[in-house]
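What follows is a short report on a single structure.
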Amino acid sequence: MQLIKKLDMRYDTEKSKCKSRFGLFECPVCKIEVEVRVTSGKRSAACWECSKVAHGGCGTRIYMAWSNMRQRCNNKNNTAYKNYGGRGITIHEAWADFAVFRDWALANGYSDDLTIDRINNDEGYSPDNCRFVNRSVQMRNTRTINSTNTSGYRGVNWNKSSGRWRSKIRDGGKTVHLGYFDSSLDAAKAYDYYVLKNGLEHTTNNVI
C-alpha cells in the first residue's frame, strides 16, 4: 500500500507496552484509505479486505463502486465525505458485506457502464433508495446547483435582455425554453411542473 502521510505514535492495543508509528495508507486495489502500523516504512500490497479473495470481487468495477461508496460515507479524509457522510448519508447495514451488496446489485440492473444513484439525494444508500443509471441521468439527479447560478433554483437564471427570470431545462439532449417570469420562484415552479408532467428523472426544486 502507498503511504499518504505519517501519523502519530500510538499503542497497538490497550495491553501494548510500547507505542508504534502509524500511517495513513491507500490500498492500490480498492483505493480505500486505512490507518495501519508502519513496519519498516512498508505495508502489504493490499488492504485486509482486498487480501481476503474469497468474495472474488477485488479489482472488479462493482467492487470499486462498493468501496467508493464506503469511502464517501465513512472516511472523513475522503474529499467527498463532506457531501455524503458529513451530512448524514449512511449505508444500509447489510451492505457492509461486499457479497451482499454485489448480489443485490446484480439482481437490480447493475452493469459496468452504469453508476449507482440515490433516488432521493437526502437519504442514504439502501435497496429502497438506489438504482443503477447512466452518467447523464445521475448528473440530472444531483443535489448540487451550479456555482454560477444566482437564482438558487435549478433551471432558472436571470435574463439581462428581458429583465426577467428565464426557466429552461435539458430534455432529450435539447434545451427546452419554458418562459420568462417576474420572480425566480415562478420560474422554478415552471421547471418543476415540466419535470413532473413529463415524468423526467431530473431533481426538482421542490416548490410545487
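Just so we're on the same page: first chain in the C-alpha cells is A, next is B, and so on; residues restart at 1 for each chain, and ligands are numbered from 1 in the order they show up.
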- Message: Could you list, as a VMD selection string, every residue within 12 Å of Tyr153 of chain A, counting only C-alpha atoms and ignoring same-chain residues fewer than 2 positions away?
- Response: chain A and resid 143 to 151 155 to 158 165 to 169 183 to 192 203 to 207
Would you output that residue set with N, CA and C atoms, as a short mmCIF file (atom, residue, chain, number, x, y, z; two decimals), in the first residue's frame?
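The result, stored in selection00.cif:
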data_model
loop_
_atom_site.label_atom_id
_atom_site.label_comp_id
_atom_site.auth_asym_id
_atom_site.auth_seq_id
_atom_site.Cartn_x
_atom_site.Cartn_y
_atom_site.Cartn_z
N ARG A 143 -27.81 16.92 -6.35
CA ARG A 143 -28.37 17.95 -5.47
C ARG A 143 -27.65 19.28 -5.63
N THR A 144 -26.46 19.28 -6.25
CA THR A 144 -25.64 20.48 -6.33
C THR A 144 -26.11 21.40 -7.46
N ILE A 145 -26.28 22.66 -7.14
CA ILE A 145 -26.63 23.67 -8.14
C ILE A 145 -25.36 24.37 -8.57
N ASN A 146 -25.23 24.61 -9.85
CA ASN A 146 -24.03 25.26 -10.40
C ASN A 146 -23.71 26.54 -9.63
N SER A 147 -22.42 26.73 -9.33
CA SER A 147 -21.98 27.88 -8.53
C SER A 147 -22.27 29.22 -9.20
N THR A 148 -22.46 29.22 -10.53
CA THR A 148 -22.74 30.47 -11.25
C THR A 148 -24.24 30.80 -11.24
N ASN A 149 -25.04 29.91 -10.70
CA ASN A 149 -26.49 30.12 -10.66
C ASN A 149 -26.83 31.08 -9.53
N THR A 150 -27.35 32.26 -9.87
CA THR A 150 -27.66 33.28 -8.86
C THR A 150 -29.10 33.20 -8.36
N SER A 151 -29.92 32.36 -8.98
CA SER A 151 -31.33 32.29 -8.58
C SER A 151 -31.54 31.38 -7.38
N GLY A 155 -32.44 25.26 -13.22
CA GLY A 155 -33.04 25.65 -14.48
C GLY A 155 -33.49 27.09 -14.57
N VAL A 156 -33.10 27.90 -13.59
CA VAL A 156 -33.55 29.30 -13.56
C VAL A 156 -32.34 30.24 -13.57
N ASN A 157 -32.35 31.20 -14.46
CA ASN A 157 -31.29 32.20 -14.50
C ASN A 157 -31.85 33.56 -14.91
N TRP A 158 -31.12 34.61 -14.54
CA TRP A 158 -31.55 35.97 -14.86
C TRP A 158 -31.21 36.29 -16.31
N TRP A 165 -36.68 36.58 -15.15
CA TRP A 165 -36.08 35.27 -14.88
C TRP A 165 -36.49 34.29 -15.97
N ARG A 166 -35.49 33.58 -16.50
CA ARG A 166 -35.77 32.59 -17.54
C ARG A 166 -35.74 31.19 -16.96
N SER A 167 -36.69 30.37 -17.37
CA SER A 167 -36.74 28.97 -16.95
C SER A 167 -36.48 28.09 -18.18
N LYS A 168 -35.56 27.13 -18.03
CA LYS A 168 -35.23 26.23 -19.13
C LYS A 168 -34.81 24.88 -18.56
N ILE A 169 -34.82 23.86 -19.43
CA ILE A 169 -34.46 22.52 -18.99
C ILE A 169 -33.88 21.72 -20.15
N SER A 183 -40.64 36.55 -11.20
CA SER A 183 -39.94 36.09 -10.00
C SER A 183 -39.22 34.78 -10.27
N SER A 184 -38.12 34.57 -9.55
CA SER A 184 -37.35 33.32 -9.71
C SER A 184 -38.17 32.13 -9.22
N LEU A 185 -39.05 32.37 -8.23
CA LEU A 185 -39.87 31.29 -7.71
C LEU A 185 -40.85 30.79 -8.78
N ASP A 186 -41.48 31.71 -9.50
CA ASP A 186 -42.41 31.31 -10.56
C ASP A 186 -41.67 30.53 -11.65
N ALA A 187 -40.44 30.96 -11.95
CA ALA A 187 -39.64 30.26 -12.96
C ALA A 187 -39.29 28.85 -12.48
N ALA A 188 -39.00 28.74 -11.19
CA ALA A 188 -38.68 27.43 -10.60
C ALA A 188 -39.90 26.52 -10.62
N LYS A 189 -41.08 27.08 -10.40
CA LYS A 189 -42.31 26.28 -10.45
C LYS A 189 -42.54 25.74 -11.86
N ALA A 190 -42.23 26.54 -12.86
CA ALA A 190 -42.39 26.11 -14.25
C ALA A 190 -41.45 24.93 -14.55
N TYR A 191 -40.25 25.01 -14.00
CA TYR A 191 -39.28 23.92 -14.17
C TYR A 191 -39.80 22.64 -13.53
N ASP A 192 -40.26 22.74 -12.29
CA ASP A 192 -40.76 21.57 -11.58
C ASP A 192 -41.99 20.97 -12.27
N THR A 203 -33.81 16.20 -10.80
CA THR A 203 -34.12 16.64 -9.44
C THR A 203 -34.92 17.94 -9.54
N THR A 204 -36.02 18.04 -8.81
CA THR A 204 -36.84 19.24 -8.87
C THR A 204 -36.38 20.27 -7.83
N ASN A 205 -37.01 21.42 -7.86
CA ASN A 205 -36.73 22.47 -6.88
C ASN A 205 -37.59 22.34 -5.62
N ASN A 206 -38.55 21.40 -5.67
CA ASN A 206 -39.43 21.15 -4.52
C ASN A 206 -40.27 22.37 -4.17
N VAL A 207 -40.80 23.03 -5.17
CA VAL A 207 -41.59 24.24 -4.90
C VAL A 207 -43.06 24.07 -5.30
#
- Excluding same-chain residues fewer than 3 positions from segment 123-125 of chain A, what lies within 7 Å of it counting only C-alpha atoms, as a PyMOL selection string? chain A and resi 89-92+118+120+129-130
Write a file of the just-selected residues containing N, CA and C atoms, as a PDB file, in the first residue's frame.
ATOM      1  N   ILE A  89     -25.361  11.030   5.257  1.00  0.00           N
ATOM      2  CA  ILE A  89     -25.670   9.958   4.312  1.00  0.00           C
ATOM      3  C   ILE A  89     -25.036   8.661   4.814  1.00  0.00           C
ATOM      4  N   THR A  90     -25.853   7.642   5.007  1.00  0.00           N
ATOM      5  CA  THR A  90     -25.393   6.372   5.558  1.00  0.00           C
ATOM      6  C   THR A  90     -25.529   5.249   4.523  1.00  0.00           C
ATOM      7  N   ILE A  91     -25.019   4.078   4.883  1.00  0.00           N
ATOM      8  CA  ILE A  91     -25.094   2.907   4.016  1.00  0.00           C
ATOM      9  C   ILE A  91     -25.886   1.811   4.718  1.00  0.00           C
ATOM     10  N   HIS A  92     -26.762   1.169   3.998  1.00  0.00           N
ATOM     11  CA  HIS A  92     -27.563   0.053   4.515  1.00  0.00           C
ATOM     12  C   HIS A  92     -26.653  -0.930   5.255  1.00  0.00           C
ATOM     13  N   ARG A 118     -28.610   7.485  -5.898  1.00  0.00           N
ATOM     14  CA  ARG A 118     -29.645   7.567  -4.878  1.00  0.00           C
ATOM     15  C   ARG A 118     -30.833   8.340  -5.431  1.00  0.00           C
ATOM     16  N   ASN A 120     -33.462   9.593  -3.862  1.00  0.00           N
ATOM     17  CA  ASN A 120     -33.624  10.782  -3.012  1.00  0.00           C
ATOM     18  C   ASN A 120     -32.245  11.148  -2.479  1.00  0.00           C
ATOM     19  N   ASN A 129     -33.615   2.955  -1.984  1.00  0.00           N
ATOM     20  CA  ASN A 129     -33.295   4.296  -2.463  1.00  0.00           C
ATOM     21  C   ASN A 129     -32.207   4.309  -3.533  1.00  0.00           C
ATOM     22  N   CYS A 130     -31.814   3.142  -4.021  1.00  0.00           N
ATOM     23  CA  CYS A 130     -30.728   3.088  -5.004  1.00  0.00           C
ATOM     24  C   CYS A 130     -31.152   2.419  -6.299  1.00  0.00           C
TER      25      CYS A 130
END
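Among the candidates A:Met69, A:Ile62, A:Ile119, A:Met9, the one nearest to Asp103 of chain A when counting only C-alpha atoms is A:Ile62.
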- Message: Going by DSSP on the backbone, which residues of segment 85-163 of chain A come out as helix (DSSP H, G or I)? List them as JSON, numbers by chain.
- Response: {"A": [85, 86, 87, 93, 94, 95, 96, 98, 99, 100, 101, 102, 103, 104, 105, 106, 107, 135, 136, 137, 138, 139, 140]}
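Shortest separation to Tyr81 of chain A among A:Leu178, A:Ala105, A:Asn68, A:Asp128 occurs at residue A:Asn68, atoms counted being only C-alpha atoms.
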- Message: Report as a ChimeraX atom specification all protein, DNA and RNA residues lying within 12 Å of Trp104 of chain A, evaluated on only C-alpha atoms, omitting residues in the same chain fewer than 3 positions from it.
- Response: /A:62,66,92,94-95,97-101,107-110,116,126-128,130-132
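Excluding Ile4 of chain A itself and any same-chain residue fewer than 3 positions from it, the protein and nucleic acid residues within 8 Å of it, counting only C-alpha atoms, are Gly23, Leu24, Phe25 and Glu26 of chain A.
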Write to file, as a compact mmCIF listing (two decimals), in the first residue's frame, the residues of the selection just made, with C-alpha atoms.
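Result went into result26.txt, see below:
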# COMPACT_ATOMS: atom_id res chain seq x y z
CA GLY A 23 0.46 5.91 8.90
CA LEU A 24 -2.41 6.61 6.53
CA PHE A 25 -2.16 4.24 3.55
CA GLU A 26 -4.10 3.81 0.31
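Counting only C-alpha atoms and comparing A:Leu3, A:Leu196, A:Met64, A:Ala80, the residue that lies closest to Asp112 of chain A is A:Met64.
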